[in-house]
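> Next up, protein.pdb (PDB, C-alpha atoms).
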```
ATOM      1  CA  MET F   1      10.397 -10.283   3.319
ATOM      2  CA  ALA F   2       6.691 -10.842   3.707
ATOM      3  CA  GLY F   3       5.184 -12.565   0.713
ATOM      4  CA  HIS F   4       2.603  -9.799   0.450
ATOM      5  CA  SER F   5       5.290  -7.270  -0.467
ATOM      6  CA  LYS F   6       6.594  -9.631  -3.120
ATOM      7  CA  TRP F   7       3.061 -10.205  -4.414
ATOM      8  CA  HIS F   8       2.551  -6.446  -4.672
ATOM      9  CA  ASN F   9       5.725  -6.193  -6.722
ATOM     10  CA  ILE F  10       4.548  -8.942  -9.088
ATOM     11  CA  GLN F  11       1.290  -7.040  -9.605
ATOM     12  CA  VAL F  12       3.232  -3.904 -10.477
ATOM     13  CA  ARG F  13       5.569  -5.665 -12.914
ATOM     14  CA  LYS F  14       2.783  -7.562 -14.686
ATOM     15  CA  GLY F  15       0.720  -4.431 -15.214
ATOM     16  CA  SER F  16      -2.109  -5.426 -12.886
ATOM     17  CA  GLN F  17      -1.928  -1.945 -11.422
ATOM     18  CA  ASP F  18      -2.563  -0.418 -14.856
ATOM     19  CA  ALA F  19      -5.655  -2.567 -15.321
ATOM     20  CA  LYS F  20      -7.049  -1.129 -12.095
ATOM     21  CA  ARG F  21      -5.816   2.432 -12.592
ATOM     22  CA  GLY F  22      -9.289   3.917 -12.133
ATOM     23  CA  LYS F  23      -9.619   2.264  -8.733
ATOM     24  CA  ILE F  24      -6.095   3.282  -7.768
ATOM     25  CA  PHE F  25      -6.845   6.899  -8.668
ATOM     26  CA  THR F  26      -9.976   6.765  -6.506
ATOM     27  CA  LYS F  27      -8.038   5.365  -3.561
ATOM     28  CA  VAL F  28      -5.225   7.926  -3.645
ATOM     29  CA  SER F  29      -7.775  10.721  -4.132
ATOM     30  CA  LYS F  30      -9.600   9.597  -0.990
ATOM     31  CA  GLU F  31      -6.362   9.730   0.992
ATOM     32  CA  ILE F  32      -5.744  13.289  -0.216
ATOM     33  CA  ILE F  33      -9.309  14.271   0.756
ATOM     34  CA  LEU F  34      -8.852  12.832   4.245
ATOM     35  CA  ALA F  35      -5.428  14.393   4.716
ATOM     36  CA  ALA F  36      -6.753  17.825   3.735
ATOM     37  CA  LYS F  37      -9.835  17.343   5.902
ATOM     38  CA  VAL F  38      -7.769  16.511   8.983
ATOM     39  CA  GLY F  39      -4.819  18.866   8.570
ATOM     40  CA  GLY F  40      -5.787  21.546   6.066
ATOM     41  CA  GLY F  41      -5.059  22.091   2.407
ATOM     42  CA  ASP F  42      -1.529  23.508   2.635
ATOM     43  CA  PRO F  43       0.994  20.729   1.938
ATOM     44  CA  ALA F  44       3.784  22.767   3.521
ATOM     45  CA  ALA F  45       1.969  22.665   6.872
ATOM     46  CA  ASN F  46       0.410  19.204   6.520
ATOM     47  CA  SER F  47       2.871  16.305   6.380
ATOM     48  CA  ARG F  48       0.151  13.741   5.772
ATOM     49  CA  LEU F  49      -1.079  15.720   2.778
ATOM     50  CA  ARG F  50       2.457  15.998   1.413
ATOM     51  CA  THR F  51       2.851  12.230   1.645
ATOM     52  CA  ALA F  52      -0.574  11.651   0.058
ATOM     53  CA  ILE F  53       0.328  13.945  -2.837
ATOM     54  CA  SER F  54       3.673  12.164  -3.273
ATOM     55  CA  SER F  55       1.896   8.794  -3.392
ATOM     56  CA  ALA F  56      -0.605  10.193  -5.895
ATOM     57  CA  LYS F  57       2.180  11.475  -8.132
ATOM     58  CA  ALA F  58       3.863   8.049  -7.937
ATOM     59  CA  VAL F  59       0.805   6.526  -9.668
ATOM     60  CA  ASN F  60       0.511   9.475 -12.068
ATOM     61  CA  LEU F  61      -2.707  10.982 -10.718
ATOM     62  CA  PRO F  62      -3.275  14.135 -12.825
ATOM     63  CA  LYS F  63      -2.552  17.477 -11.167
ATOM     64  CA  ASP F  64      -6.131  18.727 -11.593
ATOM     65  CA  LYS F  65      -7.479  15.659  -9.759
ATOM     66  CA  ILE F  66      -5.035  16.253  -6.907
ATOM     67  CA  GLU F  67      -6.214  19.859  -6.624
ATOM     68  CA  THR F  68      -9.871  18.802  -6.730
ATOM     69  CA  ALA F  69      -9.317  16.252  -3.965
ATOM     70  CA  ILE F  70      -7.648  18.872  -1.769
ATOM     71  CA  LYS F  71     -10.577  21.255  -2.252
ATOM     72  CA  LYS F  72     -13.048  18.508  -1.348
ATOM     73  CA  GLY F  73     -11.094  17.853   1.809
ATOM     74  CA  THR F  74     -11.067  21.501   2.843
ATOM     75  CA  GLY F  75     -14.738  21.961   1.984
ATOM     76  CA  GLU F  76     -14.177  24.314  -0.959
ATOM     77  CA  LEU F  77     -15.927  21.726  -3.121
ATOM     78  CA  VAL F  78     -18.769  19.451  -2.074
ATOM     79  CA  GLY F  79     -17.688  15.862  -1.444
ATOM     80  CA  GLU F  80     -18.623  12.744   0.482
ATOM     81  CA  ASP F  81     -18.328  12.724   4.262
ATOM     82  CA  LEU F  82     -15.499  10.216   4.442
ATOM     83  CA  VAL F  83     -14.073   8.514   7.549
ATOM     84  CA  GLU F  84     -11.202   6.100   8.051
ATOM     85  CA  VAL F  85     -11.825   2.618   9.386
ATOM     86  CA  ALA F  86      -9.633  -0.423   9.921
ATOM     87  CA  TYR F  87     -10.562  -4.080  10.228
ATOM     88  CA  GLU F  88      -8.421  -6.924  11.509
ATOM     89  CA  GLY F  89      -8.749 -10.627  11.020
ATOM     90  CA  TYR F  90      -7.246 -13.810   9.682
ATOM     91  CA  GLY F  91      -7.026 -15.495   6.315
ATOM     92  CA  PRO F  92      -6.416 -19.080   5.176
ATOM     93  CA  GLY F  93      -3.459 -20.630   6.941
ATOM     94  CA  GLY F  94      -3.791 -18.278   9.907
ATOM     95  CA  ALA F  95      -2.192 -15.311   8.150
ATOM     96  CA  ALA F  96      -2.908 -11.900   9.636
ATOM     97  CA  VAL F  97      -5.084  -9.613   7.521
ATOM     98  CA  LEU F  98      -5.215  -5.863   8.168
ATOM     99  CA  VAL F  99      -7.706  -3.926   6.047
ATOM    100  CA  GLU F 100      -7.578  -0.129   5.781
ATOM    101  CA  ALA F 101     -10.712   1.462   4.361
ATOM    102  CA  VAL F 102     -12.319   4.847   3.760
ATOM    103  CA  THR F 103     -16.084   5.013   3.745
ATOM    104  CA  ASP F 104     -19.160   7.187   3.940
ATOM    105  CA  ASN F 105     -21.140   4.277   5.420
ATOM    106  CA  ARG F 106     -19.485   2.266   8.199
ATOM    107  CA  ASN F 107     -22.259  -0.329   8.412
ATOM    108  CA  ARG F 108     -22.024  -1.147   4.708
ATOM    109  CA  THR F 109     -18.266  -1.434   4.718
ATOM    110  CA  VAL F 110     -17.900  -3.624   7.805
ATOM    111  CA  ALA F 111     -20.623  -5.965   6.529
ATOM    112  CA  ASP F 112     -18.953  -6.231   3.125
ATOM    113  CA  VAL F 113     -15.481  -6.841   4.552
ATOM    114  CA  ARG F 114     -16.804  -9.461   6.981
ATOM    115  CA  HIS F 115     -18.596 -11.231   4.098
ATOM    116  CA  ILE F 116     -15.502 -11.225   1.855
ATOM    117  CA  LEU F 117     -13.322 -12.581   4.671
ATOM    118  CA  SER F 118     -15.790 -15.333   5.524
ATOM    119  CA  LYS F 119     -16.366 -16.353   1.909
ATOM    120  CA  GLY F 120     -12.608 -16.407   1.294
ATOM    121  CA  GLY F 121     -11.828 -18.780   4.142
ATOM    122  CA  GLY F 122     -10.950 -16.119   6.684
ATOM    123  CA  SER F 123     -12.600 -14.452   9.652
ATOM    124  CA  MET F 124     -12.990 -11.032  11.236
ATOM    125  CA  GLY F 125     -11.116 -10.505  14.500
ATOM    126  CA  GLU F 126     -11.255  -8.071  17.391
ATOM    127  CA  ALA F 127      -9.621  -4.656  17.175
ATOM    128  CA  GLY F 128      -5.925  -4.978  17.954
ATOM    129  CA  CYS F 129      -5.659  -8.697  17.231
ATOM    130  CA  VAL F 130      -3.142  -8.325  14.375
ATOM    131  CA  ALA F 131      -2.263  -4.615  14.062
ATOM    132  CA  TRP F 132       0.672  -5.077  16.430
ATOM    133  CA  MET F 133       2.310  -7.375  13.872
ATOM    134  CA  PHE F 134       2.889  -4.472  11.452
ATOM    135  CA  GLU F 135       4.854  -1.219  11.402
ATOM    136  CA  LYS F 136       4.616   1.794   9.101
ATOM    137  CA  LYS F 137       7.404   2.157   6.551
ATOM    138  CA  GLY F 138       8.058   4.023   3.353
ATOM    139  CA  VAL F 139       8.507   1.307   0.699
ATOM    140  CA  PHE F 140      10.023   1.595  -2.782
ATOM    141  CA  PHE F 141      10.555  -1.139  -5.391
ATOM    142  CA  PHE F 142      13.262  -0.944  -8.069
ATOM    143  CA  ASP F 143      14.114  -3.151 -11.035
ATOM    144  CA  ARG F 144      17.235  -5.040  -9.955
ATOM    145  CA  ALA F 145      18.415  -5.336 -13.554
ATOM    146  CA  LYS F 146      18.582  -1.547 -13.916
ATOM    147  CA  TYR F 147      20.258  -0.490 -10.682
ATOM    148  CA  LYS F 148      22.971  -1.583  -8.281
ATOM    149  CA  GLU F 149      22.548  -1.430  -4.534
ATOM    150  CA  ASP F 150      25.314   1.170  -4.284
ATOM    151  CA  GLU F 151      23.438   3.475  -6.660
ATOM    152  CA  LEU F 152      20.347   3.425  -4.452
ATOM    153  CA  LEU F 153      22.377   3.983  -1.300
ATOM    154  CA  GLU F 154      24.347   6.830  -2.813
ATOM    155  CA  ALA F 155      21.196   8.562  -4.049
ATOM    156  CA  ALA F 156      19.118   8.447  -0.886
ATOM    157  CA  LEU F 157      21.107   7.391   2.188
ATOM    158  CA  ASP F 158      21.506  10.975   3.384
ATOM    159  CA  ALA F 159      17.782  11.589   2.773
ATOM    160  CA  GLY F 160      16.754   8.850   5.205
ATOM    161  CA  LEU F 161      17.025   5.517   3.391
ATOM    162  CA  GLU F 162      17.095   2.820   6.099
ATOM    163  CA  ASP F 163      17.537  -0.483   4.315
ATOM    164  CA  VAL F 164      17.916  -2.074   0.876
ATOM    165  CA  LEU F 165      16.600  -5.639   0.588
ATOM    166  CA  ASP F 166      17.575  -7.987  -2.235
ATOM    167  CA  GLU F 167      14.360  -9.696  -3.348
ATOM    168  CA  ASP F 168      15.223 -11.772  -6.414
ATOM    169  CA  ASP F 169      14.620  -9.491  -9.428
ATOM    170  CA  VAL F 170      13.907  -6.336  -7.414
ATOM    171  CA  TRP F 171      15.389  -4.147  -4.735
ATOM    172  CA  GLU F 172      13.066  -3.148  -1.920
ATOM    173  CA  VAL F 173      14.018   0.080  -0.166
ATOM    174  CA  ARG F 174      12.549   0.953   3.231
ATOM    175  CA  THR F 175      12.483   4.256   5.063
ATOM    176  CA  ASN F 176      10.952   5.840   8.126
ATOM    177  CA  PRO F 177       7.522   7.225   7.093
ATOM    178  CA  ASP F 178       8.676  10.732   8.053
ATOM    179  CA  ASP F 179      11.509  10.461   5.518
ATOM    180  CA  PHE F 180       9.363   9.108   2.662
ATOM    181  CA  GLU F 181       9.070  12.422   0.806
ATOM    182  CA  ALA F 182      12.758  13.263   1.148
ATOM    183  CA  VAL F 183      13.830   9.832  -0.094
ATOM    184  CA  GLN F 184      11.365   9.977  -2.981
ATOM    185  CA  GLN F 185      12.688  13.400  -3.951
ATOM    186  CA  ALA F 186      16.263  12.132  -3.765
ATOM    187  CA  PHE F 187      15.503   9.297  -6.175
ATOM    188  CA  ASP F 188      13.640  11.663  -8.503
ATOM    189  CA  GLU F 189      16.529  14.126  -8.565
ATOM    190  CA  ALA F 190      18.978  11.288  -9.261
ATOM    191  CA  GLY F 191      16.815  10.084 -12.175
ATOM    192  CA  ILE F 192      16.291   6.698 -10.531
ATOM    193  CA  GLU F 193      12.894   5.279 -11.460
ATOM    194  CA  TYR F 194      10.964   3.184  -8.959
ATOM    195  CA  LEU F 195       8.369   0.564  -9.855
ATOM    196  CA  SER F 196       6.187   1.713  -6.966
ATOM    197  CA  ALA F 197       6.406   3.965  -3.916
ATOM    198  CA  GLU F 198       4.118   4.204  -0.905
ATOM    199  CA  VAL F 199       3.874   4.455   2.858
ATOM    200  CA  SER F 200       2.589   1.089   3.985
ATOM    201  CA  ASN F 201       2.249  -1.311   6.905
ATOM    202  CA  VAL F 202       5.064  -3.851   6.773
ATOM    203  CA  ALA F 203       4.864  -7.180   8.592
ATOM    204  CA  GLN F 204       7.486  -7.671  11.306
ATOM    205  CA  SER F 205       7.362 -11.471  10.943
ATOM    206  CA  THR F 206       5.824 -13.908   8.471
ATOM    207  CA  VAL F 207       3.692 -17.045   8.370
ATOM    208  CA  ALA F 208       4.801 -19.774   5.949
ATOM    209  CA  MET F 209       2.151 -20.871   3.438
ATOM    210  CA  ASP F 210       1.859 -23.924   1.237
ATOM    211  CA  SER F 211       0.754 -23.371  -2.366
ATOM    212  CA  ASP F 212      -2.884 -24.273  -1.790
ATOM    213  CA  LYS F 213      -3.421 -21.950   1.165
ATOM    214  CA  GLY F 214      -1.264 -19.309  -0.499
ATOM    215  CA  LYS F 215      -3.469 -19.199  -3.593
ATOM    216  CA  LYS F 216      -6.599 -18.967  -1.440
ATOM    217  CA  LEU F 217      -5.107 -16.118   0.567
ATOM    218  CA  LEU F 218      -4.059 -14.194  -2.547
ATOM    219  CA  ASN F 219      -7.559 -14.602  -3.951
ATOM    220  CA  LEU F 220      -9.006 -13.256  -0.686
ATOM    221  CA  ILE F 221      -6.675 -10.246  -0.760
ATOM    222  CA  GLU F 222      -7.601  -9.480  -4.365
ATOM    223  CA  LYS F 223     -11.304  -9.608  -3.496
ATOM    224  CA  LEU F 224     -10.758  -7.224  -0.609
ATOM    225  CA  GLU F 225      -8.605  -4.842  -2.654
ATOM    226  CA  ASP F 226     -11.249  -4.764  -5.366
ATOM    227  CA  HIS F 227     -13.825  -3.321  -2.947
ATOM    228  CA  ASP F 228     -14.395   0.385  -3.581
ATOM    229  CA  ASP F 229     -14.039   1.336   0.095
ATOM    230  CA  VAL F 230     -10.825  -0.594   0.750
ATOM    231  CA  GLN F 231      -7.643   1.446   0.509
ATOM    232  CA  LYS F 232      -5.018  -1.158   1.362
ATOM    233  CA  VAL F 233      -4.789  -4.745   2.562
ATOM    234  CA  HIS F 234      -1.784  -5.966   4.517
ATOM    235  CA  SER F 235      -0.821  -9.512   5.379
ATOM    236  CA  ASN F 236       2.172 -11.367   6.779
ATOM    237  CA  PHE F 237       2.342 -14.464   4.607
ATOM    238  CA  ASP F 238       5.417 -15.969   2.980
ATOM    239  CA  LEU F 239       4.778 -18.054  -0.128
ATOM    240  CA  PRO F 240       6.750 -21.048  -1.427
ATOM    241  CA  ASP F 241       9.323 -20.218  -4.109
ATOM    242  CA  GLU F 242       7.592 -22.447  -6.648
ATOM    243  CA  LEU F 243       4.335 -20.524  -6.264
ATOM    244  CA  MET F 244       6.119 -17.182  -6.609
ATOM    245  CA  ARG F 245       7.758 -18.413  -9.807
ATOM    246  CA  GLU F 246       4.359 -19.544 -11.092
ATOM    247  CA  LEU F 247       2.823 -16.149 -10.319
ATOM    248  CA  SER F 248       5.742 -14.325 -11.914
ATOM    249  CA  GLY F 249       5.428 -16.253 -15.183
TER     250      GLY F 249
END
```
Let me see the file written as structure tokens.

Amino acid sequence: MAGHSKWHNIQVRKGSQDAKRGKIFTKVSKEIILAAKVGGGDPAANSRLRTAISSAKAVNLPKDKIETAIKKGTGELVGEDLVEVAYEGYGPGGAAVLVEAVTDNRNRTVADVRHILSKGGGSMGEAGCVAWMFEKKGVFFFDRAKYKEDELLEAALDAGLEDVLDEDDVWEVRTNPDDFEAVQQAFDEAGIEYLSAEVSNVAQSTVAMDSDKGKKLLNLIEKLEDHDDVQKVHSNFDLPDELMRELSG
């Protein structure tokens, strides 16, 4: 598995997500706004909106905030004129970096992302330079101490579960993005609690990192993720076991 997925799981388990809950709420709200803007405010007729709402519920975004975001997207409430942008580049050690952002000012966002990449030992690349290294997947993390692989398979295989990966102290479940909602519902109905759930870009191959470059890359990713316009950052690094143990401690 790509080290970035494992790093995300460590953040979830250590409560880093809770410390940034306000930012997370803002990010999932923006996705709902965009989904409603592009495909309308009826989740039944808008698969992207259904997925955005499912992701929002996974991080416990309140129902009234979900409804407000939908109304902003459809124009019932006044909101920012948001657009989606993506930036591609490289980080320390040559790792691919794919940045997904939502902004009301393209010039500001591209300048900020370029500056963060450069300051963090990376560089901006041309469109298409790394996007081909990733594929969209529904991704769930589960506490390995609480569940057995058979339990996960039994609960969601018929709903579209594709693979269960054993990643030390967690299970990582992957699905086709189109099956994300059905698999999430299957786990919910079975009473199986996930540590996190989202549709995300997953690296198809990884770049090995030593500890020094790995720490620099993680710092770069955190700086990017902390930017208000950045929705998600994807990378394809694989960190040494000793560094993962250090980060998990």
> Would you write out, as number ranges by chain, every residue that the PyMOL selection byres ((chain F and resi 153-167) around 9) captures in this file?
F: 1, 6, 144, 148-152, 168-176, 178-187, 189-190, 192
> Quick check, in Å to one decimal: how far apart do CA of Pro240 in chain F and CA of His227 in chain F lie?
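Result for CA of Pro240 in chain F versus CA of His227 in chain F: 27.2 Å, one decimal.
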> Need to verify the contact set: Gly41 in chain F, 10 Å, only C-alpha atoms, exclusion of same-chain residues closer than 6 positions in sequence. Can you return it as number ranges by chain?
F: 32-33, 35, 49-50, 67, 69-76
> How many Å separate CA of Ile24 in chain F from CA of Ala58 in chain F?
11.0 Å
> Would you pick out the contacts of range 110-126 of chain F at 8 Å or less, using only C-alpha atoms, so that residues sharing its chain but fewer than 2 positions from it are not included, and give the list as a PDB file with C-alpha atoms, keeping the file's coordinate frame?

```
ATOM      1  CA  TYR F  87     -10.562  -4.080  10.228  1.00  0.00           C
ATOM      2  CA  GLU F  88      -8.421  -6.924  11.509  1.00  0.00           C
ATOM      3  CA  GLY F  89      -8.749 -10.627  11.020  1.00  0.00           C
ATOM      4  CA  TYR F  90      -7.246 -13.810   9.682  1.00  0.00           C
ATOM      5  CA  GLY F  91      -7.026 -15.495   6.315  1.00  0.00           C
ATOM      6  CA  PRO F  92      -6.416 -19.080   5.176  1.00  0.00           C
ATOM      7  CA  ARG F 106     -19.485   2.266   8.199  1.00  0.00           C
ATOM      8  CA  ASN F 107     -22.259  -0.329   8.412  1.00  0.00           C
ATOM      9  CA  ARG F 108     -22.024  -1.147   4.708  1.00  0.00           C
ATOM     10  CA  GLY F 128      -5.925  -4.978  17.954  1.00  0.00           C
ATOM     11  CA  CYS F 129      -5.659  -8.697  17.231  1.00  0.00           C
ATOM     12  CA  LYS F 216      -6.599 -18.967  -1.440  1.00  0.00           C
ATOM     13  CA  LEU F 217      -5.107 -16.118   0.567  1.00  0.00           C
ATOM     14  CA  ASN F 219      -7.559 -14.602  -3.951  1.00  0.00           C
ATOM     15  CA  LEU F 220      -9.006 -13.256  -0.686  1.00  0.00           C
ATOM     16  CA  LYS F 223     -11.304  -9.608  -3.496  1.00  0.00           C
ATOM     17  CA  LEU F 224     -10.758  -7.224  -0.609  1.00  0.00           C
TER      18      LEU F 224
END
```
> Mind pulling up the distance from CA of Asp228 in chain F to CA of Glu198 in chain F?
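One can read the CA of Glu198 in chain F to CA of Asp228 in chain F distance as 19.1 Å.
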> Taking the file as I've supplied it (selection: the PyMOL selection byres ((chain F and resi 194) around 7)), which residues are included? Please answer as a list in words.
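Expected selection for the PyMOL selection byres ((chain F and resi 194) around 7) here is Phe140, Phe141, Phe142, Ile192, Glu193, Leu195, Ser196 and Ala197 of chain F.
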> Since I can't run it myself right now, could you work out what the PyMOL selection byres ((chain F and resi 26) around 12) selects here and report it as a count of residues only?
27
> Quick one: residues within 8 Å of Val199 in chain F, all atoms listed in the file counted, chain neighbours fewer than 2 positions away excluded, as a list in words?
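The neighbour list is Thr51, Ser55, Lys136, Lys137, Gly138, Val139, Pro177, Phe180, Ala197 and Asn201 of chain F.
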> Compare F:Leu239, F:Ala127, F:Leu34, F:Val78 by their minimum atom-to-atom distance to Thr206 in chain F, counting all atoms listed in the file, and give me the closest one.
F:Leu239
> Closest to Leu243 in chain F among F:Ser200, F:Asn105, F:Ser211, F:Ser205, using all atoms listed in the file?
F:Ser211
